[in-house]
Structure formats: structure tokens, C-alpha cells
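Colleague: Mind looking over this structure? Questions follow.
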Amino acid sequence: MDKDEKKLELAARAAWMYYVTGQTQQDIAQVLGVSRQVAQRLVSLAREQGMVKVHITHPVDRCLKLAEQMQEKFGLALCRVVPSMGLDDEKVEQMIALDSAEVISLFVSDEKPLTVAVGSGRMLRAAINELPYLERPQHSCVSLIGAIARDGSCTRYDVPLWMAEKTQGKYFILPAPLFADSAEDRYQWCNHRIYHAVAEKAQRADVTFIGIGQIERGCPLNVDGFITDKQVDRLKEQRTVAEMLGHFIGEDGQRVSSELDETLTSIPLKPRTDRKIIAFAGGRHKYSAVRAVLIGQWISGLVTDEETACRLLADDSLLPVASQS
């Protein structure tokens with residue numbers, strides 16, 4: 001990389017920090033190891049070079065290379081890596097949300113009718129928040145997870161509805177709570193005609209967007225009352241580190257069976273599928289969860305951060321997908 005390209009890459013990194021996470025020029029100077037005046041000039045250069053519009057158009061070269069290596073090692077069809085050097089998890093999540101919105105836009109901007117399956121989670125909702133409003137009434141948004149609370153109201157987990165509002169497309173709700181009251185109750189929910197129709201549509205979706213949750217006390221499922229402290233502890237005893245749509249995954253990448261399975265109503269997930277499933281996750285607290293999902297080959301695409309990517313690529317215990325087959 002020549003001197004000019006290195007300068008542009010620094011300008012791109014400074015622009016991410018300044019415009020996306022709200023870092024001050026002094027903060028940027030400390031992270032990049034330059035003076036405040038140089039940091040100011042880098043931010044100005046990013047504007048002058050046309051990098052800064054609604055999103056930052058000049059990627060960080062190191063992140064591009066990490067994304068390519070991630071695709072090769074884990075057999076991903078798509079990977080995006082955002083800068084995260086020197087940033088805390090909250091700011092990293094802002095970065096991922098912004099880039100995830102761009103990935104979503106690549107699909108939903110298409111004029112031809114599209115069926116988009118949407119999961120749940122704070123990162124996924126943050127990504128959709130960054131998505132511009134689009135006139136795509138021909139698209140359909142399908143829920144992968146029940147968003148009905150026990151009192152009949154819809155919950156914050158109804159992320160697909162927000163996606164449908166952004167695209168102005170048709171919305172298909174999965175008519176069930178995330179966890180039913182009992183196995184018998186689950187049978188009633190999951191054998192309804194409408195449930196079957198929506199589930200079939202979700203399984204045939206053109207693309208699926210999903211979040212990856214970590215399993216620990218204080219994780220979203222625990223804080224929001226879906227699983228108890230004792231259930232978290234039992235899952236941890238089984239070496240569970242990740243969760244997608246209420247499906248639990250161990251550190252070895254395999255599905256973990258638990259007492260919660262008999263009441264779970266969300267759409268089934270299968271590893272090594274041909275479906276286009278793109279996940280959005282990163283930050284230090286999500287590393288073990290992302291690692292497990294990649295080991296198990298549960299997804300075909302990922303938007304994450306550079307620190308997470310570096311750790312995954314440096315982990316010699318993780319063999320490339322081609323070596324596992």
C-alpha cells in the first residue's frame with residue numbers, strides 16, 4: 001500500500017469514528033496515534049474525497065482483507081468487517097448496525113418482489129433503524145420468531161414489523177409467543193393453519209437476516225424474562241454460548257437440547273443449509289457466540305468487527321471449512 005492509500009485509509013477510519021460513533025477529534029488522535037491537528041485534517045480529507053455521504057464509501061483496506069479471509073476460512077458467501085480498533089462494545093455495535101443496514105439495502109433495494117425473513121435482537125433492530133425508508137410494497141417481510149407476549153400484546157422482539165414499515169411491504173407475523181406455556185400449548189400454536197402458512201413462507205425466503213445472542217446472566221433473553229437465572233445456569237452447564245431465535249448452540253457449534261425446546265415456537269434452523277442466512281453480531285461480549293455459530297456453519301453471511309475477525313482468524317483451533325469436510 002503506497003503512502004497516499006495509507007493516508008486515505010486513515011481518513012476512512014477517522015471518518016467512521018467521527019461520524020458514526022461521535023468520537024471527538026482528540027479521541028481519534030489518541031486511537032490513531034496522531035496529533036489532534038492531524039486527526040482534524042484526516043476528517044476533512046474524508047469529506048473532501050467524497051467518502052462521507054449517508055455512509056462512508058471508502059472502506060478500510062485492512063477490514064476488506066479480513067473480510068476476504070473470513071469468507072475463505074468459514075465458507076461464507078458474504079462477509080463485512082467494520083473498524084473497531086480502540087472502541088468499546090457500544091460504539092462497535094453502532095458501526096455494525098450502520099454497515100448491516102447497507103447490506104440489507106443491497107437486497108431490499110431490488111425492484112423484483114422479494115421475501116425477506118427477519119429474526120430478532122437488538123443488533124438487528126439497530127440495523128433496521130439505520131435503513132432508509134424505501135418504496136418496496138412488492139416485498140414481503142416474514143417473521144421467524146413469535147412476538148406475542150402472554151397478555152396478547154406484541155413485544156419489542158417484533159423486529160420484522162419494523163422492517164416491513166421501512167420497506168412499506170406486506171408483513172407476515174408468526175402467530176405465537178416465543179415460548180409457549182407448555183408442550184401442549186406449543187402444539188396448539190404451531191399446528192394452526194396460519195402458523196403453517198407463515199412458517200412455509202419463511203423457509204422459502206429469498207434472504208434471512210438474523211441476530212446472534214450470547215448466553216449468560218443478564219443476556220437479553222434473561223433480562224426480558226424469557227428464560228430464568230436457573231435456566232441460564234443450566235444452559236451454561238451444558239457449555240451453551242450462543243442463541244438464535246431461541247435455538248441454543250454450544251461452544252462446539254452443535255445444537256444444545258434443553259427443557260426449553262418443548263415450548264419453543266420459532267422457525268427451525270439447520271446448519272450447513274443452502275438458505276441465504278446473514279447474521280449481524282460483534283463486540284467482545286459476543287465473540288464466543290459468533291465463534292460457535294461459525295464453527296457449526298449456521299450462517300452464510302456475517303457482518304462483524306475487525307477485533308472479532310482478527311481473533312477468529314488467529315484461532316488455530318478453528319479449521320477452515322474445507323478442512324472439516
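Ligands are numbered from 1 in the order shown, chains are lettered A, B, ... in the order of the C-alpha cells, and residues start at 1 in each chain.
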Per residue of range 183-235 of chain A within 9 Å of range 259-274 of chain A, record the nearest atom pair and its distance in Å to one decimal, counting only C-alpha atoms, with rows in chain order and ascending residue number, as a tab-separated table.
Modeller:
residue	atom	partner	partner_atom	distance
A:Ala183	CA	A:Thr263	CA	5.2
A:Glu184	CA	A:Thr263	CA	8.3
A:Asp185	CA	A:Thr263	CA	7.7
A:Arg186	CA	A:Thr263	CA	5.4
A:Tyr187	CA	A:Thr263	CA	8.5
A:Trp189	CA	A:Thr265	CA	7.6
A:Cys190	CA	A:Thr265	CA	6.5
A:Ala199	CA	A:Ile267	CA	6.4
A:Ala202	CA	A:Ile267	CA	7.7
A:Gln203	CA	A:Ile267	CA	8.0
A:Ile227	CA	A:Leu260	CA	8.6
A:Gln231	CA	A:Glu259	CA	8.5
Colleague: Report the residues of range 4-222 of chain A whose backbone DSSP state falls under strand (DSSP E or B), written as a count of residues only.
Modeller: 28
Colleague: Which neighbours of range 206-215 of chain A fall inside 7 Å, counting only C-alpha atoms, when residues of the same chain fewer than 6 positions from it are skipped, and could you give them as a PyMOL selection string?
Modeller: chain A and resi 114-121+123-124+232+240-244+276-281+286+289-290
Colleague: May I have the residues within 6 Å of Gly146 in chain A as a PyMOL selection string, using only C-alpha atoms and disregarding those fewer than 2 positions away in the same chain?
Modeller: chain A and resi 148+174+176-178
Colleague: The selected residues should be written to file as a PDB file, in the first residue's frame (atoms: N, CA and C atoms).
Modeller:
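Contents of out10.pdb, as written:
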ATOM      1  N   ILE A 148     -45.599 -12.378  20.244  1.00  0.00           N
ATOM      2  CA  ILE A 148     -46.796 -12.168  21.051  1.00  0.00           C
ATOM      3  C   ILE A 148     -46.463 -12.447  22.519  1.00  0.00           C
ATOM      4  N   LEU A 174     -45.567 -14.344  12.736  1.00  0.00           N
ATOM      5  CA  LEU A 174     -45.646 -15.714  13.224  1.00  0.00           C
ATOM      6  C   LEU A 174     -46.564 -15.704  14.445  1.00  0.00           C
ATOM      7  N   ALA A 176     -47.568 -16.621  17.429  1.00  0.00           N
ATOM      8  CA  ALA A 176     -47.216 -17.427  18.603  1.00  0.00           C
ATOM      9  C   ALA A 176     -46.332 -16.611  19.522  1.00  0.00           C
ATOM     10  N   PRO A 177     -46.259 -16.969  20.801  1.00  0.00           N
ATOM     11  CA  PRO A 177     -45.242 -16.392  21.682  1.00  0.00           C
ATOM     12  C   PRO A 177     -43.909 -17.075  21.401  1.00  0.00           C
ATOM     13  N   LEU A 178     -42.809 -16.499  21.868  1.00  0.00           N
ATOM     14  CA  LEU A 178     -41.511 -17.153  21.674  1.00  0.00           C
ATOM     15  C   LEU A 178     -41.501 -18.513  22.364  1.00  0.00           C
TER      16      LEU A 178
END
Colleague: How many Å separate CA of Gly22 in chain A from CA of His285 in chain A?
Modeller: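 Distance between the two atoms: 21.6 Å.
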Colleague: I'd like to know which of A:Val108, A:Lys6, A:Ser100, A:Arg122 is closest to Pro220 in chain A, using only C-alpha atoms.
Modeller: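 Of the candidates, the smallest distance to Pro220 in chain A is held by A:Arg122.
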Colleague: Would you pick out the contacts of Tyr133 in chain A at 7 Å or less, using only C-alpha atoms, so that residues sharing its chain but fewer than 2 positions from it are not included, and give the list as a PyMOL selection string?
Modeller: chain A and resi 131+135+166-167
Colleague: Export all heavy atoms of the chosen residues as a compact mmCIF listing (two decimals), in the first residue's frame?
Modeller:
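This went into selection08.txt:
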# COMPACT_ATOMS: atom_id res chain seq x y z
N LEU A 131 -31.72 1.85 8.36
CA LEU A 131 -32.19 1.63 6.99
C LEU A 131 -33.08 2.79 6.55
O LEU A 131 -33.99 3.18 7.27
CB LEU A 131 -32.97 0.31 6.93
CG LEU A 131 -33.33 -0.25 5.56
CD1 LEU A 131 -32.07 -0.73 4.84
CD2 LEU A 131 -34.31 -1.42 5.72
N GLU A 135 -39.62 2.59 -1.00
CA GLU A 135 -40.91 2.26 -1.61
C GLU A 135 -40.80 0.88 -2.25
O GLU A 135 -40.51 0.77 -3.43
CB GLU A 135 -41.30 3.31 -2.65
CG GLU A 135 -41.75 4.64 -2.06
CD GLU A 135 -43.23 4.62 -1.66
OE1 GLU A 135 -43.90 3.61 -1.95
OE2 GLU A 135 -43.68 5.60 -1.06
N LYS A 166 -40.34 -0.02 7.17
CA LYS A 166 -39.28 0.66 6.43
C LYS A 166 -39.40 0.43 4.92
O LYS A 166 -39.06 1.30 4.12
CB LYS A 166 -37.90 0.19 6.92
CG LYS A 166 -37.43 0.84 8.22
CD LYS A 166 -37.25 2.34 8.05
CE LYS A 166 -36.66 3.02 9.27
NZ LYS A 166 -35.20 3.03 9.30
N THR A 167 -39.84 -0.76 4.51
CA THR A 167 -39.95 -1.08 3.09
C THR A 167 -41.35 -0.87 2.54
O THR A 167 -41.56 -0.92 1.34
CB THR A 167 -39.55 -2.54 2.83
OG1 THR A 167 -40.42 -3.41 3.58
CG2 THR A 167 -38.11 -2.80 3.24
Colleague: Need to verify the contact set: Asp315 in chain A, 12 Å, only C-alpha atoms, exclusion of same-chain residues closer than 4 positions in sequence. Can you return it as a ChimeraX atom specification?
Modeller: /A:70,73,287-288,291,295,308-311,319-320
Colleague: Check range 34-238 of chain A with DSSP on the backbone and list each residue it calls alpha helix (DSSP H), as a ChimeraX atom specification.
Modeller: /A:36-48,61-74,89-108,122-130,159-167,183-190,193-203,220-223,229-237
Colleague: Between A:Ala12, A:Val223, A:Glu216, A:Ser182, which residue has the minimum interatomic distance to Glu48 in chain A, considering only C-alpha atoms?
Modeller: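 Closest to Glu48 in chain A of all the choices is A:Ala12.
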Colleague: Measuring between only C-alpha atoms, which one of A:Gln168, A:Ser35, A:Gln297, A:Gln30 shows the shortest distance to Ser140 in chain A?
Modeller: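 Among the listed residues, A:Gln168 lies closest to Ser140 in chain A.
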Colleague: Find, counting only C-alpha atoms, the residue in A:Phe74, A:Phe107, A:Trp162, A:Phe226 that gets nearest to Trp298 in chain A.
Modeller: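 Closest candidate: A:Phe74.
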Colleague: Suppose you want the space between CA of Asn222 in chain A and CA of Ser258 in chain A; what is it in Å?
Modeller: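 So the two atoms, CA of Asn222 in chain A and CA of Ser258 in chain A, lie 15.3 Å apart.
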Colleague: Considering only C-alpha atoms, state which residue in the set A:Ala101, A:Asp252, A:Thr24, A:Gln69 is at the smallest distance from Gln37 in chain A.
Modeller: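 Checking each of A:Ala101, A:Asp252, A:Thr24, A:Gln69 against Gln37 in chain A, counting only C-alpha atoms, the winner is A:Thr24.
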Colleague: Between A:His192, A:Asp305, A:Ser109, A:Asp316, which one has atoms that come closest to Ile96 in chain A, using only C-alpha atoms?
Modeller: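 Ranking A:His192, A:Asp305, A:Ser109, A:Asp316 by distance to Ile96 in chain A, first place goes to A:Asp305.
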Colleague: With only C-alpha atoms as the counted atoms, please give the residues lying no more than 9 Å from Arg41 in chain A, apart from itself and same-chain residues fewer than 5 positions off, as a PyMOL selection string.
Modeller: chain A and resi 11+36+46
Colleague: Can you spit out the residues from that selection as an mmCIF file, in the first residue's frame, using C-alpha atoms?
Modeller:
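Ended up saving to part-v3.cif:
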data_model
loop_
_atom_site.group_PDB
_atom_site.id
_atom_site.type_symbol
_atom_site.label_atom_id
_atom_site.label_comp_id
_atom_site.auth_asym_id
_atom_site.auth_seq_id
_atom_site.Cartn_x
_atom_site.Cartn_y
_atom_site.Cartn_z
ATOM 1 C CA ALA A 11 -9.039 9.199 6.735
ATOM 2 C CA ARG A 36 -5.241 16.455 17.163
ATOM 3 C CA ALA A 46 -12.567 12.198 4.162
#
